[in-house]
Amino acid sequence: MSKFKKKRGKTTPAISTASLPDIIFILLFFFMVVTVMKTSELKVAVVVPEATELQKLEKKSLVSYLYIGKPLAKFQSIYGSAPRLQLNDKFATIDEIPLFLEQEKLKIQEQMQPLMTASLRADKEVTMGIITDIKTQLRKAGQLKVNYSARKRAGALK
Amino acid sequence: MPKRERKQPEINASSMADIAFLLLIFFLVTTTIDVDKGITVKLPPWSEEPPESLKLNTRNVYSVLVNASDELLVRGEPMMVRDLKENAKEFIANPKKRPDMSENPKKAIISLKNDRGTSYEAYLEVYNELKAAYSELWEVEADRRFGSKYENLDISQQKAIRADIPLVISEAEPTSFGEEG
């Protein structure tokens with residue numbers, strides 16, 4: 001029975017932490033891959049509307065964002081409180097959209113260019129006037145694939 | 001000269017975990033895993049000429065008007081947004097073969113018109129409901145034809161369904177009665 005003799009009085013062996021860095025590294029790589037650095041600082045307040053018929057935007061590199069909303073409080077003294085368009089990091093007029101789209105197109109491979117999507121991240125409070133003008137401009141620029149950014153609606157319609 | 005035997009000192013790797021931890025925490029904090037979602041639409045190409053006026057049978061046209069106060073007028077009748085989906089579904093499929101609704105889903109056309117003062121939220125809500133009406137019809141059709149969910153069908157099957165119940169939402173130039181802002 002000596003096989004099962006209890007080894008009493010001995011301290012518990014220390015758990016080896018040699019593989020800890022490996023585990024941490026795996027986690028690190030995971031987060032490094034999924035991280036998307038915030039590309040542009042928002043200067044307009046955007047709360048996207050809610051909807052149910054949502055589609056995911058697959059390739060982030062093929063998406064160009066157009067932000068539409070009221071300027072943030074700190075910019076309102078200069079830009080007023082009427083809804084404005086933001087492209088990249090600055091306020092823009094609607095006439096600047098074609099140039100912006102061209103610049104975005106240059107960033108992606110040529111064969112992928114037809115798949116480019118314009119994502120309209122518009123605040124739910126804005127009126128259709130500015131949205132219509134932007135849509136018209138997008139059509140004129142030949143950017144027909146558009147995504148109205150929205151959140152998932154949980155409850156029923158009011 | 002005799003070769004001096006030098007022992008390579010071992011690099012202490014115990015701080016590796018700390019460095020990795022620091023990086024990990026940095027990426028944890030900066031990560032935003034919010035997938036971008038939204039309603040994808042395909043805009044019609046721009047043309048300078050006014051679109052040719054098609055002679056459409058009025059029974060095939062489902063006109064939806066949204067005014068500047070976000071109120072709905074559907075085929076001349078006021079309606080709440082929550083009733084829109086069911087109503088549109090009935091119009092498109094027309095199961096009772098009513099003479100004032102679409103002849104068949106292929107011919108049904110949804111005409112959406114809003115005001116420049118309509119709020120974006122209301123517009124998207126209406127658009128969403130109309131799209132939902134179609135996707136529910138596709139779902140029913142997928143179940144009837146292939147006995148499976150629409151999203152599980154392969155692309156050619158989805159195309160076949162979409163060809164029979166095409167999603168046609170035609171958007172008119174908006175009116176400009178309401179106040180913008």
# chains A, B, ... in the order shown; residues from 1 in each chain; ligands from 1
$ interface_residues --of "chain A" --to "chain B" --cutoff "7 Å" --atoms "only C-alpha atoms" --output "ChimeraX atom specification"
/A:20-21,24-25,28,31-32,35-36,49,51-57,82-83,124-129,139-140,142,144-151,157
$ select_by_dssp --residues "stretch 35-161 of chain B" --states "alpha helix (DSSP H)" --output "short mmCIF file (atom, residue, chain, number, x, y, z; two decimals) with C-alpha atoms, in the first residue's frame"
data_model
loop_
_atom_site.label_atom_id
_atom_site.label_comp_id
_atom_site.auth_asym_id
_atom_site.auth_seq_id
_atom_site.Cartn_x
_atom_site.Cartn_y
_atom_site.Cartn_z
CA VAL B 81 -46.10 53.64 -39.11
CA ARG B 82 -46.77 50.52 -37.06
CA ASP B 83 -49.54 49.48 -39.48
CA LEU B 84 -47.47 50.12 -42.56
CA LYS B 85 -45.71 46.78 -42.76
CA GLU B 86 -48.83 44.62 -42.67
CA ASN B 87 -50.61 46.90 -45.06
CA ALA B 88 -47.72 46.88 -47.52
CA LYS B 89 -47.46 43.11 -47.30
CA GLU B 90 -51.12 42.74 -48.11
CA PHE B 91 -50.78 45.12 -51.00
CA ILE B 92 -47.78 43.36 -52.53
CA ALA B 93 -48.96 39.80 -52.14
CA TYR B 120 -34.49 61.51 -40.93
CA GLU B 121 -35.71 59.23 -38.18
CA ALA B 122 -39.23 59.12 -39.58
CA TYR B 123 -37.94 58.57 -43.09
CA LEU B 124 -35.74 55.68 -42.05
CA GLU B 125 -38.54 54.19 -39.99
CA VAL B 126 -40.81 54.16 -43.02
CA TYR B 127 -38.08 52.81 -45.25
CA ASN B 128 -37.33 50.14 -42.70
CA GLU B 129 -40.96 49.05 -42.51
CA LEU B 130 -41.24 48.80 -46.27
CA LYS B 131 -38.07 46.76 -46.43
CA ALA B 132 -39.32 44.60 -43.59
CA ALA B 133 -42.53 43.94 -45.50
CA TYR B 134 -40.49 42.60 -48.39
CA SER B 135 -38.14 40.54 -46.30
CA GLU B 136 -41.09 38.92 -44.55
CA LEU B 137 -42.62 38.07 -47.90
CA TRP B 138 -39.30 36.59 -49.00
CA GLU B 139 -39.20 34.57 -45.81
CA VAL B 140 -42.66 33.13 -46.49
CA GLU B 141 -41.74 32.39 -50.09
CA ALA B 142 -38.49 30.71 -49.08
CA ASP B 143 -40.37 28.48 -46.67
CA ARG B 144 -43.02 27.62 -49.25
CA ARG B 145 -40.60 26.87 -52.06
CA PHE B 146 -37.53 25.45 -50.39
CA ILE B 155 -27.49 32.82 -53.76
CA SER B 156 -29.28 31.52 -56.84
CA GLN B 157 -32.30 30.54 -54.78
CA GLN B 158 -32.36 33.93 -53.11
CA LYS B 159 -32.14 35.55 -56.50
CA ALA B 160 -35.05 33.48 -57.77
CA ILE B 161 -37.19 34.65 -54.91
#
$ residues_around --residues "B:Asn94" --least-positions-apart "4" --cutoff "9 Å" --atoms "only C-alpha atoms" --output "PyMOL selection string"
chain B and resi 89-90+98+101-105
$ write_last_selection --atoms "N, CA and C atoms" --output "mmCIF file, in the first residue's frame"
data_model
loop_
_atom_site.group_PDB
_atom_site.id
_atom_site.type_symbol
_atom_site.label_atom_id
_atom_site.label_comp_id
_atom_site.auth_asym_id
_atom_site.auth_seq_id
_atom_site.Cartn_x
_atom_site.Cartn_y
_atom_site.Cartn_z
ATOM 1 N N LYS B 89 -47.524 44.527 -46.973
ATOM 2 C CA LYS B 89 -47.456 43.111 -47.305
ATOM 3 C C LYS B 89 -48.722 42.656 -48.023
ATOM 4 N N GLU B 90 -49.859 43.138 -47.497
ATOM 5 C CA GLU B 90 -51.119 42.739 -48.106
ATOM 6 C C GLU B 90 -51.211 43.284 -49.523
ATOM 7 N N ARG B 98 -57.723 41.302 -54.562
ATOM 8 C CA ARG B 98 -58.611 42.469 -54.610
ATOM 9 C C ARG B 98 -58.275 43.326 -55.829
ATOM 10 N N MET B 101 -55.611 46.266 -55.453
ATOM 11 C CA MET B 101 -54.234 46.025 -55.023
ATOM 12 C C MET B 101 -53.435 45.392 -56.159
ATOM 13 N N SER B 102 -52.137 45.226 -55.931
ATOM 14 C CA SER B 102 -51.236 44.865 -57.032
ATOM 15 C C SER B 102 -51.672 43.588 -57.740
ATOM 16 N N GLU B 103 -51.499 43.565 -59.058
ATOM 17 C CA GLU B 103 -51.880 42.397 -59.846
ATOM 18 C C GLU B 103 -51.070 41.196 -59.403
ATOM 19 N N ASN B 104 -49.775 41.400 -59.298
ATOM 20 C CA ASN B 104 -48.906 40.370 -58.716
ATOM 21 C C ASN B 104 -47.678 41.070 -58.153
ATOM 22 N N PRO B 105 -46.933 40.378 -57.307
ATOM 23 C CA PRO B 105 -45.806 41.053 -56.640
ATOM 24 C C PRO B 105 -44.791 41.640 -57.606
#
$ atom_distance --atom1 "atom CA of B:Leu56" --atom2 "atom CA of B:Met79"
23.4 Å
$ atom_distance --atom1 "atom CA of B:Gly76" --atom2 "atom CA of A:Ile134"
28.9 Å
$ residues_around --residues "A:Ile68" --least-positions-apart "6" --cutoff "6 Å" --atoms "only C-alpha atoms" --output "PyMOL selection string"
chain A and resi 84-85+122
$ atom_distance --atom1 "atom CA of B:Ser69" --atom2 "atom CA of B:Phe177"
10.4 Å
